[in-house]
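**Student:** This one is run.cif, mmCIF, C-alpha atoms.
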data_query
loop_
_atom_site.label_atom_id
_atom_site.label_comp_id
_atom_site.auth_asym_id
_atom_site.auth_seq_id
_atom_site.Cartn_x
_atom_site.Cartn_y
_atom_site.Cartn_z
CA MET A 194 -31.34 9.57 19.59
CA ALA A 195 -31.23 5.86 20.51
CA LYS A 196 -27.93 4.07 20.02
CA VAL A 197 -27.52 0.52 18.76
CA ALA A 198 -24.54 -1.80 19.03
CA THR A 199 -22.96 -2.77 15.72
CA ASN A 200 -20.37 -5.47 15.16
CA LEU A 201 -17.63 -4.93 12.59
CA SER A 202 -15.08 -7.56 11.67
CA ILE A 203 -11.72 -5.95 10.91
CA ASP A 204 -8.09 -6.97 11.07
CA ALA A 205 -6.81 -6.76 14.66
CA ASP A 206 -3.66 -4.84 13.66
CA LEU A 207 -5.72 -2.36 11.66
CA LYS A 208 -8.04 -1.80 14.60
CA LYS A 209 -5.16 -1.24 17.02
CA ALA A 210 -3.39 1.18 14.66
CA CYS A 211 -6.61 3.15 14.12
CA GLN A 212 -7.36 3.26 17.83
CA GLU A 213 -3.90 4.71 18.45
CA LEU A 214 -4.33 7.28 15.67
CA TYR A 215 -7.77 8.36 16.81
CA ALA A 216 -6.67 8.55 20.45
CA ASP A 217 -3.92 10.92 19.33
CA LEU A 218 -6.63 12.95 17.59
CA GLY A 219 -8.69 13.00 20.79
CA MET A 220 -11.40 10.50 19.89
CA ASP A 221 -12.22 6.83 20.11
CA LEU A 222 -13.01 4.35 17.35
CA THR A 223 -16.77 4.77 17.78
CA THR A 224 -16.51 8.54 17.29
CA ALA A 225 -14.34 8.11 14.20
CA VAL A 226 -16.77 5.61 12.64
CA THR A 227 -19.68 7.91 13.47
CA ILE A 228 -17.89 10.80 11.74
CA PHE A 229 -17.32 8.59 8.70
CA PHE A 230 -20.99 7.57 8.59
CA ARG A 231 -22.26 11.14 9.00
CA GLN A 232 -19.95 12.43 6.28
CA SER A 233 -21.05 9.56 4.01
CA LEU A 234 -24.66 10.68 4.43
CA ARG A 235 -23.71 14.31 3.84
CA VAL A 236 -22.00 13.57 0.51
CA GLN A 237 -24.26 10.61 -0.35
CA GLY A 238 -21.30 8.34 -0.92
CA ILE A 239 -17.90 7.44 0.40
CA PRO A 240 -16.47 10.73 1.71
CA PHE A 241 -13.16 10.42 -0.11
CA ALA A 242 -11.97 9.35 -3.52
CA VAL A 243 -11.65 5.60 -3.92
CA THR A 244 -9.08 5.05 -6.64
CA ARG A 245 -6.46 2.62 -7.73
CA GLU A 246 -2.91 3.62 -6.99
CA ASN A 247 -1.28 5.14 -10.05
CA PRO A 248 2.44 4.39 -10.16
CA ASN A 249 4.78 7.24 -11.02
CA ALA A 250 6.99 7.25 -14.14
CA GLU A 251 9.98 5.74 -12.33
CA THR A 252 7.89 2.82 -11.04
CA ILE A 253 6.35 2.24 -14.46
CA ALA A 254 9.83 2.15 -16.01
CA ALA A 255 11.00 -0.37 -13.37
CA MET A 256 7.95 -2.54 -14.01
CA ASN A 257 8.55 -2.45 -17.76
CA GLU A 258 12.20 -3.37 -17.20
CA TYR A 259 11.10 -6.32 -15.05
CA TYR A 260 8.76 -7.60 -17.78
CA THR A 261 11.48 -7.23 -20.42
CA ILE A 262 14.00 -9.15 -18.30
CA LYS A 263 11.40 -11.83 -17.58
CA GLU A 264 10.62 -12.24 -21.30
CA HIS A 265 14.29 -12.34 -22.38
CA PRO A 266 16.41 -13.61 -19.45
CA GLU A 267 19.10 -14.79 -21.86
CA LYS A 268 20.00 -11.15 -22.60
CA TYR A 269 20.90 -10.41 -18.98
CA LYS A 270 23.78 -11.49 -16.77
CA ARG A 271 22.99 -13.76 -13.84
CA TYR A 272 24.93 -14.20 -10.64
CA ALA A 273 25.35 -17.38 -8.61
CA THR A 274 25.56 -15.46 -5.34
CA PHE A 275 24.83 -12.03 -3.95
CA LYS A 276 28.54 -11.64 -3.15
CA GLU A 277 29.40 -12.21 -6.81
CA ALA A 278 27.01 -9.45 -7.85
CA MET A 279 28.29 -7.06 -5.17
CA ASP A 280 31.92 -7.73 -6.11
CA GLU A 281 31.17 -6.70 -9.69
CA VAL A 282 29.27 -3.58 -8.59
CA LEU A 283 32.08 -2.53 -6.26
CA THR A 284 34.71 -3.19 -8.94
CA ASP A 285 32.84 -0.91 -11.35
CA ALA A 286 32.39 1.84 -8.73
#
How would this structure read if it were set down as structure tokens?

**Tutor:**
Amino acid sequence: MAKVATNLSIDADLKKACQELYADLGMDLTTAVTIFFRQSLRVQGIPFAVTRENPNAETIAAMNEYYTIKEHPEKYKRYATFKEAMDEVLTDA
């Protein structure tokens, strides 16, 4: 089968990290991309689920708390310095 050169524009750090990963797995970037392409053809799509990240309950609660504080900052104590906040935390500990 004839091979053709293909140019891909990707982030330099991403490329380096992937090259290191694939080298550890015993292959180069070309082999990894070829595997991805072949699997894409086999499944007739992207060979893994492409989804949005779903935050867990703790993260959702933290996000909701952030929005509440942002909407009603007058209900929450503010500190002039980080030291002031830490002093209060350590006093309460």

**Student:** Would you mind reading off the distance between atom CA of Pro266 of chain A and atom CA of Glu281 of chain A, one decimal, in Å?

**Tutor:** 19.0 Å

**Student:** Between atom CA of Gln237 of chain A and atom CA of Ala205 of chain A, what distance in Å does the model show, to one decimal?

**Tutor:**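 Computed distance, atom CA of Gln237 of chain A to atom CA of Ala205 of chain A, equals 28.8 Å.
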
**Student:** Tell me, in Å to one decimal, how far atom CA of Glu251 of chain A is from atom CA of Ala273 of chain A.

**Tutor:**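 One can read the atom CA of Glu251 of chain A to atom CA of Ala273 of chain A distance as 28.0 Å.
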
**Student:** List the residues selected by the PyMOL selection byres ((chain A and resi 222-224) around 10) in the file shown, writing them as a VMD selection string.

**Tutor:** chain A and resid 199 208 to 209 211 to 216 219 to 221 225 to 230
